[in-house]
Structures are given as structure tokens and as C-alpha cells.
$ cat structure.pdb   # PDB, C-alpha atoms, pLDDT in the B column
ATOM      1  CA  MET Q   1     119.064  88.405  97.560  1.00 90.00           C
ATOM      2  CA  THR Q   2     116.408  85.908  98.622  1.00 93.00           C
ATOM      3  CA  THR Q   3     112.780  86.299  97.557  1.00 95.00           C
ATOM      4  CA  ILE Q   4     109.755  84.575  99.032  1.00 96.00           C
ATOM      5  CA  SER Q   5     106.371  84.923  97.376  1.00 96.00           C
ATOM      6  CA  ILE Q   6     103.175  83.619  98.918  1.00 97.00           C
ATOM      7  CA  SER Q   7      99.821  83.745  97.144  1.00 96.00           C
ATOM      8  CA  GLY Q   8      96.321  83.101  98.361  1.00 94.00           C
ATOM      9  CA  GLN Q   9      92.716  83.959  97.736  1.00 93.00           C
ATOM     10  CA  ALA Q  10      90.197  85.530 100.086  1.00 92.00           C
ATOM     11  CA  ASP Q  11      86.496  85.004  99.514  1.00 91.00           C
ATOM     12  CA  ALA Q  12      85.794  88.671 100.102  1.00 92.00           C
ATOM     13  CA  PRO Q  13      85.745  91.944  98.152  1.00 93.00           C
ATOM     14  CA  ILE Q  14      89.053  93.763  97.802  1.00 95.00           C
ATOM     15  CA  GLU Q  15      87.896  96.583 100.130  1.00 95.00           C
ATOM     16  CA  VAL Q  16      87.396  94.106 102.986  1.00 95.00           C
ATOM     17  CA  VAL Q  17      90.838  92.550 102.460  1.00 96.00           C
ATOM     18  CA  TRP Q  18      92.448  95.981 102.153  1.00 97.00           C
ATOM     19  CA  SER Q  19      90.871  97.149 105.415  1.00 95.00           C
ATOM     20  CA  LEU Q  20      92.717  94.321 107.184  1.00 96.00           C
ATOM     21  CA  VAL Q  21      96.071  94.752 105.415  1.00 94.00           C
ATOM     22  CA  ALA Q  22      96.152  98.523 105.812  1.00 94.00           C
ATOM     23  CA  ASP Q  23      95.242  98.779 109.509  1.00 93.00           C
ATOM     24  CA  ALA Q  24      98.410  97.928 111.444  1.00 89.00           C
ATOM     25  CA  ARG Q  25      96.896  98.550 114.858  1.00 89.00           C
ATOM     26  CA  ASN Q  26      94.381  95.744 114.363  1.00 90.00           C
ATOM     27  CA  TYR Q  27      96.678  92.990 113.047  1.00 87.00           C
ATOM     28  CA  SER Q  28      96.616  91.429 116.514  1.00 86.00           C
ATOM     29  CA  SER Q  29      92.881  90.746 116.088  1.00 88.00           C
ATOM     30  CA  TRP Q  30      93.500  88.361 113.171  1.00 88.00           C
ATOM     31  CA  ALA Q  31      97.243  87.702 112.773  1.00 84.00           C
ATOM     32  CA  LEU Q  32      99.891  86.097 114.950  1.00 79.00           C
ATOM     33  CA  PRO Q  33     101.614  89.180 116.453  1.00 76.00           C
ATOM     34  CA  ARG Q  34     100.125  89.881 119.868  1.00 78.00           C
ATOM     35  CA  SER Q  35     101.232  93.503 119.933  1.00 80.00           C
ATOM     36  CA  THR Q  36     100.568  95.692 116.890  1.00 87.00           C
ATOM     37  CA  THR Q  37     100.975  99.440 117.120  1.00 86.00           C
ATOM     38  CA  LEU Q  38     101.851 102.504 115.099  1.00 91.00           C
ATOM     39  CA  GLU Q  39     105.022 104.063 116.388  1.00 91.00           C
ATOM     40  CA  ARG Q  40     104.603 106.939 113.942  1.00 95.00           C
ATOM     41  CA  GLU Q  41     101.673 107.823 111.717  1.00 94.00           C
ATOM     42  CA  GLY Q  42     102.051 108.321 107.977  1.00 94.00           C
ATOM     43  CA  ALA Q  43     102.017 111.709 106.290  1.00 89.00           C
ATOM     44  CA  LEU Q  44      98.588 111.642 104.601  1.00 91.00           C
ATOM     45  CA  THR Q  45      96.845 108.849 106.507  1.00 92.00           C
ATOM     46  CA  PRO Q  46      97.804 107.103 109.760  1.00 94.00           C
ATOM     47  CA  ASP Q  47      98.815 103.799 108.099  1.00 94.00           C
ATOM     48  CA  GLY Q  48     100.140 105.419 104.917  1.00 95.00           C
ATOM     49  CA  VAL Q  49     103.584 106.223 103.562  1.00 96.00           C
ATOM     50  CA  GLY Q  50     105.980 107.095 106.356  1.00 96.00           C
ATOM     51  CA  ALA Q  51     104.095 105.168 109.039  1.00 96.00           C
ATOM     52  CA  ILE Q  52     106.290 103.078 111.314  1.00 96.00           C
ATOM     53  CA  ARG Q  53     104.574  99.889 112.437  1.00 94.00           C
ATOM     54  CA  ARG Q  54     105.685  97.794 115.405  1.00 92.00           C
ATOM     55  CA  PHE Q  55     104.725  94.103 115.606  1.00 88.00           C
ATOM     56  CA  GLY Q  56     105.611  91.240 117.911  1.00 81.00           C
ATOM     57  CA  ALA Q  57     105.552  90.031 121.462  1.00 75.00           C
ATOM     58  CA  TRP Q  58     108.072  90.542 124.197  1.00 69.00           C
ATOM     59  CA  PRO Q  59     111.041  90.198 123.797  1.00 74.00           C
ATOM     60  CA  VAL Q  60     110.987  90.206 119.967  1.00 76.00           C
ATOM     61  CA  PHE Q  61     109.538  93.115 118.002  1.00 85.00           C
ATOM     62  CA  SER Q  62     109.938  94.168 114.404  1.00 91.00           C
ATOM     63  CA  ARG Q  63     109.704  97.729 113.138  1.00 94.00           C
ATOM     64  CA  GLU Q  64     108.607  98.473 109.588  1.00 95.00           C
ATOM     65  CA  GLU Q  65     108.203 101.645 107.572  1.00 97.00           C
ATOM     66  CA  VAL Q  66     105.449 101.883 104.961  1.00 97.00           C
ATOM     67  CA  VAL Q  67     106.930 102.982 101.616  1.00 97.00           C
ATOM     68  CA  VAL Q  68     103.953 102.395  99.263  1.00 97.00           C
ATOM     69  CA  PHE Q  69     100.294 102.849 100.229  1.00 97.00           C
ATOM     70  CA  GLU Q  70      97.932 102.615  97.246  1.00 96.00           C
ATOM     71  CA  PRO Q  71      94.417 101.664  98.403  1.00 96.00           C
ATOM     72  CA  PRO Q  72      93.081  99.106  97.755  1.00 96.00           C
ATOM     73  CA  GLN Q  73      95.806  97.437  95.677  1.00 96.00           C
ATOM     74  CA  GLN Q  74      99.248  97.716  97.250  1.00 97.00           C
ATOM     75  CA  LEU Q  75     101.018  98.143 100.563  1.00 97.00           C
ATOM     76  CA  SER Q  76     104.809  97.914 100.686  1.00 98.00           C
ATOM     77  CA  TYR Q  77     107.115  98.228 103.647  1.00 97.00           C
ATOM     78  CA  VAL Q  78     110.776  97.961 104.589  1.00 98.00           C
ATOM     79  CA  LEU Q  79     112.077  96.420 107.784  1.00 96.00           C
ATOM     80  CA  LEU Q  80     113.868  98.859 110.081  1.00 96.00           C
ATOM     81  CA  SER Q  81     114.749  96.403 112.854  1.00 93.00           C
ATOM     82  CA  GLY Q  82     113.820  93.127 114.482  1.00 90.00           C
ATOM     83  CA  LEU Q  83     115.261  90.410 112.250  1.00 89.00           C
ATOM     84  CA  PRO Q  84     118.866  89.508 111.386  1.00 91.00           C
ATOM     85  CA  VAL Q  85     118.401  90.510 107.732  1.00 94.00           C
ATOM     86  CA  ARG Q  86     119.331  93.458 105.523  1.00 95.00           C
ATOM     87  CA  ASN Q  87     117.437  95.273 102.793  1.00 97.00           C
ATOM     88  CA  TYR Q  88     114.127  93.603 103.662  1.00 96.00           C
ATOM     89  CA  ARG Q  89     111.172  94.798 101.607  1.00 98.00           C
ATOM     90  CA  ALA Q  90     107.702  93.315 101.366  1.00 96.00           C
ATOM     91  CA  ASP Q  91     105.052  94.049  98.760  1.00 97.00           C
ATOM     92  CA  VAL Q  92     101.461  93.082  99.484  1.00 97.00           C
ATOM     93  CA  GLU Q  93      99.354  93.242  96.338  1.00 97.00           C
ATOM     94  CA  LEU Q  94      95.617  92.672  96.073  1.00 97.00           C
ATOM     95  CA  ARG Q  95      93.563  92.033  92.939  1.00 96.00           C
ATOM     96  CA  GLU Q  96      89.833  91.488  92.860  1.00 90.00           C
ATOM     97  CA  VAL Q  97      88.714  88.526  90.765  1.00 88.00           C
ATOM     98  CA  VAL Q  98      85.362  87.018  89.863  1.00 74.00           C
ATOM     99  CA  ALA Q  99      84.959  83.850  91.903  1.00 65.00           C
ATOM    100  CA  SER Q 100      81.646  82.114  91.480  1.00 62.00           C
ATOM    101  CA  PRO Q 101      78.611  83.456  89.642  1.00 66.00           C
ATOM    102  CA  GLY Q 102      77.623  86.613  91.442  1.00 63.00           C
ATOM    103  CA  GLY Q 103      80.580  86.530  93.836  1.00 79.00           C
ATOM    104  CA  VAL Q 104      83.988  88.116  94.024  1.00 86.00           C
ATOM    105  CA  SER Q 105      87.182  87.182  95.751  1.00 90.00           C
ATOM    106  CA  THR Q 106      90.528  88.840  96.174  1.00 93.00           C
ATOM    107  CA  ALA Q 107      93.855  87.417  95.054  1.00 95.00           C
ATOM    108  CA  VAL Q 108      96.587  88.144  97.588  1.00 96.00           C
ATOM    109  CA  SER Q 109     100.288  88.197  96.773  1.00 96.00           C
ATOM    110  CA  TRP Q 110     102.791  88.800  99.609  1.00 96.00           C
ATOM    111  CA  THR Q 111     106.373  88.985  98.342  1.00 96.00           C
ATOM    112  CA  SER Q 112     109.430  89.636 100.484  1.00 96.00           C
ATOM    113  CA  SER Q 113     113.020  90.159  99.406  1.00 96.00           C
ATOM    114  CA  TYR Q 114     115.978  90.356 101.767  1.00 96.00           C
ATOM    115  CA  GLU Q 115     119.633  89.505 102.377  1.00 95.00           C
ATOM    116  CA  VAL Q 116     120.994  87.460 105.259  1.00 94.00           C
ATOM    117  CA  PRO Q 117     124.533  88.557 106.172  1.00 90.00           C
ATOM    118  CA  ARG Q 118     125.407  85.342 108.038  1.00 90.00           C
ATOM    119  CA  ARG Q 119     125.613  82.300 105.808  1.00 90.00           C
ATOM    120  CA  TRP Q 120     124.517  79.866 108.526  1.00 92.00           C
ATOM    121  CA  LEU Q 121     121.292  81.879 109.042  1.00 89.00           C
ATOM    122  CA  ARG Q 122     120.162  81.852 105.405  1.00 91.00           C
ATOM    123  CA  ARG Q 123     118.179  78.613 105.408  1.00 92.00           C
ATOM    124  CA  PRO Q 124     116.630  79.080 108.895  1.00 92.00           C
ATOM    125  CA  MET Q 125     115.527  82.643 107.977  1.00 91.00           C
ATOM    126  CA  GLN Q 126     114.050  81.442 104.700  1.00 93.00           C
ATOM    127  CA  LEU Q 127     112.083  78.712 106.482  1.00 94.00           C
ATOM    128  CA  PHE Q 128     110.970  81.093 109.230  1.00 91.00           C
ATOM    129  CA  LEU Q 129     109.843  83.864 106.875  1.00 92.00           C
ATOM    130  CA  ASN Q 130     108.121  81.405 104.549  1.00 94.00           C
ATOM    131  CA  LEU Q 131     106.163  80.030 107.508  1.00 93.00           C
ATOM    132  CA  ILE Q 132     105.276  83.509 108.807  1.00 90.00           C
ATOM    133  CA  LEU Q 133     104.133  84.826 105.423  1.00 93.00           C
ATOM    134  CA  LYS Q 134     102.042  81.709 104.717  1.00 95.00           C
ATOM    135  CA  ASP Q 135     100.402  82.159 108.098  1.00 93.00           C
ATOM    136  CA  PHE Q 136      99.692  85.858 107.410  1.00 92.00           C
ATOM    137  CA  VAL Q 137      98.075  85.100 104.051  1.00 95.00           C
ATOM    138  CA  ARG Q 138      96.052  82.180 105.456  1.00 96.00           C
ATOM    139  CA  ARG Q 139      94.784  84.205 108.431  1.00 95.00           C
ATOM    140  CA  LEU Q 140      94.096  87.243 106.220  1.00 95.00           C
ATOM    141  CA  ALA Q 141      91.933  85.162 103.861  1.00 95.00           C
ATOM    142  CA  LYS Q 142      90.072  83.556 106.761  1.00 95.00           C
ATOM    143  CA  GLU Q 143      89.352  86.854 108.535  1.00 95.00           C
ATOM    144  CA  ALA Q 144      88.329  88.642 105.322  1.00 94.00           C
ATOM    145  CA  ALA Q 145      85.867  85.870 104.454  1.00 92.00           C
ATOM    146  CA  LYS Q 146      84.444  86.015 107.974  1.00 93.00           C
ATOM    147  CA  ARG Q 147      83.963  89.779 107.771  1.00 92.00           C
ATOM    148  CA  ALA Q 148      82.435  89.595 104.288  1.00 85.00           C
ATOM    149  CA  ALA Q 149      79.848  86.984 105.311  1.00 81.00           C
TER     150      ALA Q 149
END

$ encode --input "structure.pdb" --output "C-alpha cells"
Amino acid sequence: MTTISISGQADAPIEVVWSLVADARNYSSWALPRSTTLEREGALTPDGVGAIRRFGAWPVFSREEVVVFEPPQQLSYVLLSGLPVRNYRADVELREVVASPGGVSTAVSWTSSYEVPRRWLRRPMQLFLNLILKDFVRRLAKEAAKRAA
């Protein structure tokens, strides 16, 4: 099992950061995937537990199912298809922290665990996913700060 953990900080309240993380249909407005849709809505809320999210650009799409939805602290999902990995799970955790006097920021932790069945793909997948997750966290922090301003 390989684990990648990326941390960052957004100069914005936790509710602003959560609104970005939780809304799959709008990832394309701030993140790299050009197509972001809900294939199936969750049981209690559209982006909640049971939701199936579809991200990507032709010809490569990933499908994820939300397995934990605890506003505004945690969103977890498992990969259903789209990458040559098994048992992929990501946990996005947010924690509000006091930044400067009178200000708040949100600590972001995005951790993914997975297995790569083909030995020769292990290092390329690790590099790829590390790059993608760093980009997600960087763009999330930037967009949250912009919206909080």
C-alpha cells in the first residue's frame, strides 16, 4: 500500500474551503479537471455519501464514490475507475486555525492510499498522484483565499 499526504493552508475560513471541496460540479472552475459532474447524487445531500463524481477530460475520466461527508471537516472518497490502481481511497480533512491577529485560515490535509498491481507502474503513479494532489491543494488554497477576500 502506498500513501501520499499533501498539506497546505488556505487563508480563508473553513466554510469557504469546504464549499469548494464539497461541490464536485464546480471543481472545473478552480481545479485542473475540465469536466466535473455528478453521475449520481448522494443519499442525504447531492455531494454527500453515495454520490458518484466524474472528473477528467476526454479520453481520461475518473469515477469516485463519496464514502464520508462530514461538513465542514472531512470528505473521503474511493476510486471506482479511471486509474490503474486498486483500493484507492482519499481523505480530505480541514481544520480551522488562527492565522494572524483577527484572521483565520484553514489547514488542508489530502491523503491518498492505493495499490498499484503492476510493479513497473508504481513509481510513475506515485509521481503522477503526488503532482495531482499538490496541484489540487495549491489551487484550493488560492481559490478559497480569493473567495474570502

$ resolve_selection --input "structure.pdb" --expression "the PyMOL selection byres ((chain Q and resi 2) around 9)" --output "PyMOL selection string"
chain Q and resi 1+3-4+112-116+122+126

$ residues_around --input "structure.pdb" --residues "segment 53-66 of chain Q" --least-positions-apart "2" --cutoff "8 Å" --atoms "only C-alpha atoms" --output "list in words"
Ala24, Pro33, Arg34, Ser35, Thr36, Thr37, Leu38, Glu39, Arg40, Gly42, Asp47, Gly48, Val49, Gly50, Ala51, Val68, Phe69, Leu75, Ser76, Tyr77, Val78, Leu79, Leu80, Ser81, Gly82 and Leu83 of chain Q

$ write_last_selection --input "structure.pdb" --atoms "C-alpha atoms" --output "mmCIF file, keeping the file's coordinate frame"
data_model
loop_
_atom_site.group_PDB
_atom_site.id
_atom_site.type_symbol
_atom_site.label_atom_id
_atom_site.label_comp_id
_atom_site.auth_asym_id
_atom_site.auth_seq_id
_atom_site.Cartn_x
_atom_site.Cartn_y
_atom_site.Cartn_z
ATOM 1 C CA ALA Q 24 98.410 97.928 111.444
ATOM 2 C CA PRO Q 33 101.614 89.180 116.453
ATOM 3 C CA ARG Q 34 100.125 89.881 119.868
ATOM 4 C CA SER Q 35 101.232 93.503 119.933
ATOM 5 C CA THR Q 36 100.568 95.692 116.890
ATOM 6 C CA THR Q 37 100.975 99.440 117.120
ATOM 7 C CA LEU Q 38 101.851 102.504 115.099
ATOM 8 C CA GLU Q 39 105.022 104.063 116.388
ATOM 9 C CA ARG Q 40 104.603 106.939 113.942
ATOM 10 C CA GLY Q 42 102.051 108.321 107.977
ATOM 11 C CA ASP Q 47 98.815 103.799 108.099
ATOM 12 C CA GLY Q 48 100.140 105.419 104.917
ATOM 13 C CA VAL Q 49 103.584 106.223 103.562
ATOM 14 C CA GLY Q 50 105.980 107.095 106.356
ATOM 15 C CA ALA Q 51 104.095 105.168 109.039
ATOM 16 C CA VAL Q 68 103.953 102.395 99.263
ATOM 17 C CA PHE Q 69 100.294 102.849 100.229
ATOM 18 C CA LEU Q 75 101.018 98.143 100.563
ATOM 19 C CA SER Q 76 104.809 97.914 100.686
ATOM 20 C CA TYR Q 77 107.115 98.228 103.647
ATOM 21 C CA VAL Q 78 110.776 97.961 104.589
ATOM 22 C CA LEU Q 79 112.077 96.420 107.784
ATOM 23 C CA LEU Q 80 113.868 98.859 110.081
ATOM 24 C CA SER Q 81 114.749 96.403 112.854
ATOM 25 C CA GLY Q 82 113.820 93.127 114.482
ATOM 26 C CA LEU Q 83 115.261 90.410 112.250
#

$ closest_residue --input "structure.pdb" --among "Q:Val104, Q:Val67, Q:Asp23, Q:Tyr88" --to "Pro46 of chain Q" --atoms "all atoms listed in the file"
Q:Asp23

$ resolve_selection --input "structure.pdb" --expression "the PyMOL selection byres ((chain Q and resi 106) around 6)" --output "MDAnalysis selection string"
chainID Q and resid 9:10 14 95:97 105 107

$ write_last_selection --input "structure.pdb" --atoms "C-alpha atoms" --output "PDB file, keeping the file's coordinate frame"
ATOM      1  CA  GLN Q   9      92.716  83.959  97.736  1.00 93.00           C
ATOM      2  CA  ALA Q  10      90.197  85.530 100.086  1.00 92.00           C
ATOM      3  CA  ILE Q  14      89.053  93.763  97.802  1.00 95.00           C
ATOM      4  CA  ARG Q  95      93.563  92.033  92.939  1.00 96.00           C
ATOM      5  CA  GLU Q  96      89.833  91.488  92.860  1.00 90.00           C
ATOM      6  CA  VAL Q  97      88.714  88.526  90.765  1.00 88.00           C
ATOM      7  CA  SER Q 105      87.182  87.182  95.751  1.00 90.00           C
ATOM      8  CA  ALA Q 107      93.855  87.417  95.054  1.00 95.00           C
TER       9      ALA Q 107
END

$ closest_residue --input "structure.pdb" --among "Q:Ala144, Q:Val92, Q:Ala149, Q:Met125" --to "Val16 of chain Q" --atoms "all atoms listed in the file"
Q:Ala144

$ atom_distance --input "structure.pdb" --atom1 "atom CA of Leu133 of chain Q" --atom2 "atom CA of Ile6 of chain Q"
6.7 Å

$ closest_residue --input "structure.pdb" --among "Q:Gly8, Q:Pro84, Q:Val108, Q:Gly103" --to "Trp120 of chain Q" --atoms "all atoms listed in the file"
Q:Pro84

$ closest_residue --input "structure.pdb" --among "Q:Leu32, Q:Leu131, Q:Leu94, Q:Val85" --to "Trp18 of chain Q" --atoms "only C-alpha atoms"
Q:Leu94

$ axis_aligned_box --input "structure.pdb" --around "segment 62-66 of chain Q" --padding-each-side "6 Å" --output "JSON"
{"center_x": 107.7, "center_y": 98.0, "center_z": 109.7, "size_x": 16.5, "size_y": 19.7, "size_z": 21.4}

$ atom_distance --input "structure.pdb" --atom1 "atom CA of Ser5 of chain Q" --atom2 "atom CA of Leu121 of chain Q"
19.2 Å
